[in-house]
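Participant: Dropping in coords23.tsv, which is TSV, C-alpha atoms:
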```tsv
chain	number	residue	atom	x	y	z
A	23	MET	CA	71.22	105.98	-4.24
A	24	GLN	CA	69.05	105.88	-1.13
A	25	THR	CA	70.93	106.05	2.12
A	26	SER	CA	69.22	105.68	5.44
A	27	LYS	CA	69.21	108.72	7.67
A	28	LYS	CA	71.45	108.77	10.69
A	29	LYS	CA	69.40	108.69	13.88
A	30	ILE	CA	70.22	111.10	16.71
A	31	LEU	CA	68.66	110.96	20.16
A	32	ALA	CA	68.66	114.32	21.97
A	33	VAL	CA	68.10	114.32	25.74
A	34	ASP	CA	67.55	117.56	27.67
A	35	ASP	CA	65.02	118.63	30.29
A	36	ASP	CA	64.60	121.99	28.51
A	37	THR	CA	61.92	121.48	25.85
A	38	ASP	CA	62.95	124.68	24.04
A	39	ILE	CA	66.43	123.27	23.51
A	40	LEU	CA	64.97	119.97	22.30
A	41	GLU	CA	62.74	121.74	19.77
A	42	PHE	CA	65.69	123.82	18.59
A	43	LEU	CA	67.91	120.75	18.19
A	44	GLN	CA	65.21	118.85	16.36
A	45	VAL	CA	64.63	121.64	13.81
A	46	ILE	CA	68.34	122.23	13.18
A	47	LEU	CA	69.28	118.56	12.91
A	48	GLU	CA	66.33	117.59	10.73
A	49	GLU	CA	67.28	120.42	8.35
A	50	GLU	CA	70.71	118.76	8.16
A	51	GLY	CA	69.09	115.46	7.15
A	52	TYR	CA	69.19	113.59	10.45
A	53	ASP	CA	66.34	111.56	11.88
A	54	VAL	CA	65.87	113.09	15.34
A	55	LEU	CA	64.28	111.64	18.46
A	56	THR	CA	63.95	113.85	21.52
A	57	THR	CA	63.15	113.16	25.14
A	58	SER	CA	63.31	115.04	28.40
A	59	LYS	CA	63.38	111.80	30.39
A	60	GLY	CA	66.66	110.15	31.32
A	61	GLU	CA	64.80	106.93	32.05
A	62	TYR	CA	63.99	106.59	28.34
A	63	VAL	CA	67.68	106.57	27.45
A	64	GLU	CA	68.43	103.87	30.01
A	65	GLN	CA	65.96	101.55	28.25
A	66	LEU	CA	67.35	101.65	24.71
A	67	HIS	CA	67.21	98.33	22.91
A	68	ASN	CA	68.51	96.95	19.64
A	69	GLY	CA	66.50	97.87	16.58
A	70	GLY	CA	65.81	101.40	17.67
A	71	LEU	CA	69.32	102.37	18.65
A	72	PRO	CA	70.47	105.83	17.59
A	73	ASN	CA	73.75	106.51	15.78
A	74	LEU	CA	74.57	109.25	18.32
A	75	ILE	CA	73.21	110.52	21.63
A	76	LEU	CA	73.20	114.21	22.56
A	77	LEU	CA	72.95	114.20	26.34
A	78	ASP	CA	72.64	117.09	28.76
A	79	ILE	CA	74.63	116.59	31.95
A	80	PHE	CA	72.07	118.00	34.35
A	81	LEU	CA	68.61	116.49	33.86
A	82	SER	CA	65.66	116.79	36.23
A	83	GLY	CA	66.05	113.95	38.70
A	84	LYS	CA	68.89	112.32	36.77
A	85	ASP	CA	72.55	112.95	36.15
A	86	GLY	CA	73.52	112.57	32.50
A	87	ARG	CA	76.92	111.27	33.57
A	88	ALA	CA	75.28	108.33	35.34
A	89	ILE	CA	73.29	107.61	32.18
A	90	ALA	CA	76.47	107.77	30.07
A	91	LYS	CA	78.23	105.34	32.43
A	92	LEU	CA	75.29	102.94	32.21
A	93	LEU	CA	75.14	103.07	28.41
A	94	LYS	CA	78.90	102.55	28.10
A	95	SER	CA	78.72	99.53	30.43
A	96	GLN	CA	76.13	97.67	28.32
A	97	ASP	CA	77.17	95.60	25.31
A	98	GLU	CA	74.27	96.71	23.13
A	99	THR	CA	74.81	100.45	23.71
A	100	LYS	CA	78.52	100.91	24.49
A	101	HIS	CA	79.37	101.55	20.80
A	102	ILE	CA	77.00	104.55	20.51
A	103	PRO	CA	78.89	107.87	20.59
A	104	ILE	CA	77.69	110.21	23.34
A	105	LEU	CA	78.08	113.97	22.95
A	106	MET	CA	77.38	115.62	26.31
A	107	PHE	CA	76.66	119.29	26.81
A	108	SER	CA	76.30	121.63	29.76
A	109	ALA	CA	76.45	125.27	30.75
A	110	HIS	CA	78.51	124.35	33.82
A	111	PRO	CA	82.14	125.41	33.26
A	112	ASP	CA	83.73	122.39	34.96
A	113	ALA	CA	81.54	119.77	33.34
A	114	GLU	CA	83.78	118.70	30.45
A	115	LYS	CA	86.24	116.72	32.59
A	116	THR	CA	83.52	114.82	34.45
A	117	ALA	CA	81.57	114.20	31.23
A	118	LEU	CA	84.58	112.59	29.57
A	119	GLU	CA	85.35	110.60	32.73
A	120	ALA	CA	81.78	109.27	32.64
A	121	GLY	CA	82.35	107.87	29.15
A	122	ALA	CA	81.17	110.68	26.87
A	123	ASN	CA	82.97	110.67	23.53
A	124	ASP	CA	82.86	114.45	23.27
A	125	PHE	CA	81.66	117.58	25.06
A	126	LEU	CA	80.14	120.90	24.03
A	127	ALA	CA	79.69	123.87	26.36
A	128	LYS	CA	76.36	125.72	26.35
A	129	PRO	CA	75.61	128.06	24.78
A	130	PHE	CA	77.11	126.57	21.64
A	131	GLU	CA	77.32	127.63	18.02
A	132	ILE	CA	75.28	125.56	15.56
A	133	ASP	CA	78.34	125.02	13.37
A	134	ASP	CA	80.31	123.67	16.34
A	135	LEU	CA	77.50	121.26	17.18
A	136	LEU	CA	77.19	120.04	13.58
A	137	ALA	CA	80.96	119.59	13.27
A	138	LYS	CA	81.12	117.49	16.43
A	139	ILE	CA	78.16	115.37	15.31
A	140	ALA	CA	79.77	114.82	11.90
A	141	GLN	CA	82.95	113.56	13.61
A	142	HIS	CA	81.04	110.77	15.34
A	143	VAL	CA	78.26	109.56	13.02
```
Could you write out this file's structure as structure tokens?
Facilitator:
Amino acid sequence: MQTSKKKILAVDDDTDILEFLQVILEEEGYDVLTTSKGEYVEQLHNGGLPNLILLDIFLSGKDGRAIAKLLKSQDETKHIPILMFSAHPDAEKTALEAGANDFLAKPFEIDDLLAKIAQHV
């Protein structure tokens, strides 16, 4: 039986982290899109919507929490689970207040990341 791959969008301004996430998640069978630009995430449209968004809180020129709030305020994207991550110790509370469905502190264990993704997709 052929099942379509779950699509994950990873957003971080650190390209090394994006490459790492892409390799790990593709090995797990996910279809992975990556971007370092918050503007890309704000322009998601039906048809190409991911099943989950991995979103860094602190992006160059953008705040991931503002992006999360925007996505959660739009009918076509509010259903998409957002897993935010950050190395900042106080970020979890503000991430959840911004509408994130879950939070992961950097640096994180691969197994922790995969478990959180599995809970939401």
Participant: Which distance in Å separates CA of Ile104 (chain A) and CA of Leu74 (chain A), to one decimal?
Facilitator: 6.0 Å
Participant: Do you have, as CSV, the list of residues of region 37-134 of chain A lying at most 12 Å from region 140-143 of chain A, each with its nearest atom pair and that distance in Å to one decimal, counting all atoms listed in the file and ordered by chain then number?
Facilitator:
```
residue,atom,partner,partner_atom,distance
A:Leu47,CA,A:Ala140,CA,11.2
A:Glu50,CA,A:Ala140,CA,10.6
A:Gly51,CA,A:Ala140,CA,11.7
A:Tyr52,CA,A:Val143,CA,10.3
A:Pro72,CA,A:Val143,CA,9.8
A:Asn73,CA,A:Val143,CA,6.1
A:Leu74,CA,A:Val143,CA,6.5
A:Ile75,CA,A:Val143,CA,10.0
A:Leu76,CA,A:His142,CA,11.2
A:His101,CA,A:His142,CA,10.8
A:Ile102,CA,A:His142,CA,9.0
A:Pro103,CA,A:His142,CA,6.4
A:Ile104,CA,A:His142,CA,8.7
A:Leu105,CA,A:His142,CA,8.8
A:Ala122,CA,A:His142,CA,11.5
A:Asn123,CA,A:His142,CA,8.4
A:Asp124,CA,A:His142,CA,8.9
A:Phe125,CA,A:His142,CA,11.9
A:Asp133,CA,A:Ala140,CA,10.4
A:Asp134,CA,A:Ala140,CA,9.9
```
Participant: Write a file of the selected residues as a PDB file, in the coordinates of the input, keeping C-alpha atoms.
Facilitator:
```pdb
ATOM      1  CA  LEU A  47      69.280 118.560  12.910  1.00  0.00           C
ATOM      2  CA  GLU A  50      70.710 118.760   8.160  1.00  0.00           C
ATOM      3  CA  GLY A  51      69.090 115.460   7.150  1.00  0.00           C
ATOM      4  CA  TYR A  52      69.190 113.590  10.450  1.00  0.00           C
ATOM      5  CA  PRO A  72      70.470 105.830  17.590  1.00  0.00           C
ATOM      6  CA  ASN A  73      73.750 106.510  15.780  1.00  0.00           C
ATOM      7  CA  LEU A  74      74.570 109.250  18.320  1.00  0.00           C
ATOM      8  CA  ILE A  75      73.210 110.520  21.630  1.00  0.00           C
ATOM      9  CA  LEU A  76      73.200 114.210  22.560  1.00  0.00           C
ATOM     10  CA  HIS A 101      79.370 101.550  20.800  1.00  0.00           C
ATOM     11  CA  ILE A 102      77.000 104.550  20.510  1.00  0.00           C
ATOM     12  CA  PRO A 103      78.890 107.870  20.590  1.00  0.00           C
ATOM     13  CA  ILE A 104      77.690 110.210  23.340  1.00  0.00           C
ATOM     14  CA  LEU A 105      78.080 113.970  22.950  1.00  0.00           C
ATOM     15  CA  ALA A 122      81.170 110.680  26.870  1.00  0.00           C
ATOM     16  CA  ASN A 123      82.970 110.670  23.530  1.00  0.00           C
ATOM     17  CA  ASP A 124      82.860 114.450  23.270  1.00  0.00           C
ATOM     18  CA  PHE A 125      81.660 117.580  25.060  1.00  0.00           C
ATOM     19  CA  ASP A 133      78.340 125.020  13.370  1.00  0.00           C
ATOM     20  CA  ASP A 134      80.310 123.670  16.340  1.00  0.00           C
TER      21      ASP A 134
END
```
Participant: As a ChimeraX atom specification, please: the residues near Ile79 (chain A) (cut-off 7 Å, only C-alpha atoms, same-chain neighbours under 5 positions excluded).
Facilitator: /A:85-87,106-108
Participant: Identify which of the residues A:Gly121, A:Phe42, A:Pro129, A:Ile139 lies closest to Lys28 (chain A), counting all atoms listed in the file when measuring atom-to-atom distances.
Facilitator: A:Ile139
Participant: Please list as an NGL selection string every residue within 9 Å of Ile89 (chain A), counting all atoms listed in the file and excluding residues in the same chain fewer than 2 positions away.
Facilitator: :A and (60-61 or 63-64 or 77 or 84-87 or 91-94 or 120)
Participant: Find the distance between CA of Glu119 (chain A) and CA of Ile132 (chain A) and write it in Å to one decimal.
Facilitator: 24.9 Å
Participant: One decimal, in Å: what's the spacing between CA of Leu118 (chain A) and CA of Lys27 (chain A)?
Facilitator: 27.0 Å
Participant: Could you give me the axis-aligned bounding box of region 41-56 of chain A, with 8 Å of padding per side, as centre plus edge lengths in Å to one decimal, as AutoDock Vina command-line options?
Facilitator:
```
--center_x 66.7 --center_y 117.7 --center_z 14.3 --size_x 24.0 --size_y 28.3 --size_z 30.4
```
Participant: Which of these, A:Glu41, A:Glu48, A:Asp34, A:Lys128, has the shortest distance to Ser82 (chain A) once you count all atoms listed in the file?
Facilitator: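 That would be A:Asp34, the residue with the smallest distance to Ser82 (chain A).
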Participant: Which is closest to Leu81 (chain A) among A:Ala137, A:Val33, A:Ile39, A:Val45, if we use all atoms listed in the file?
Facilitator: A:Val33
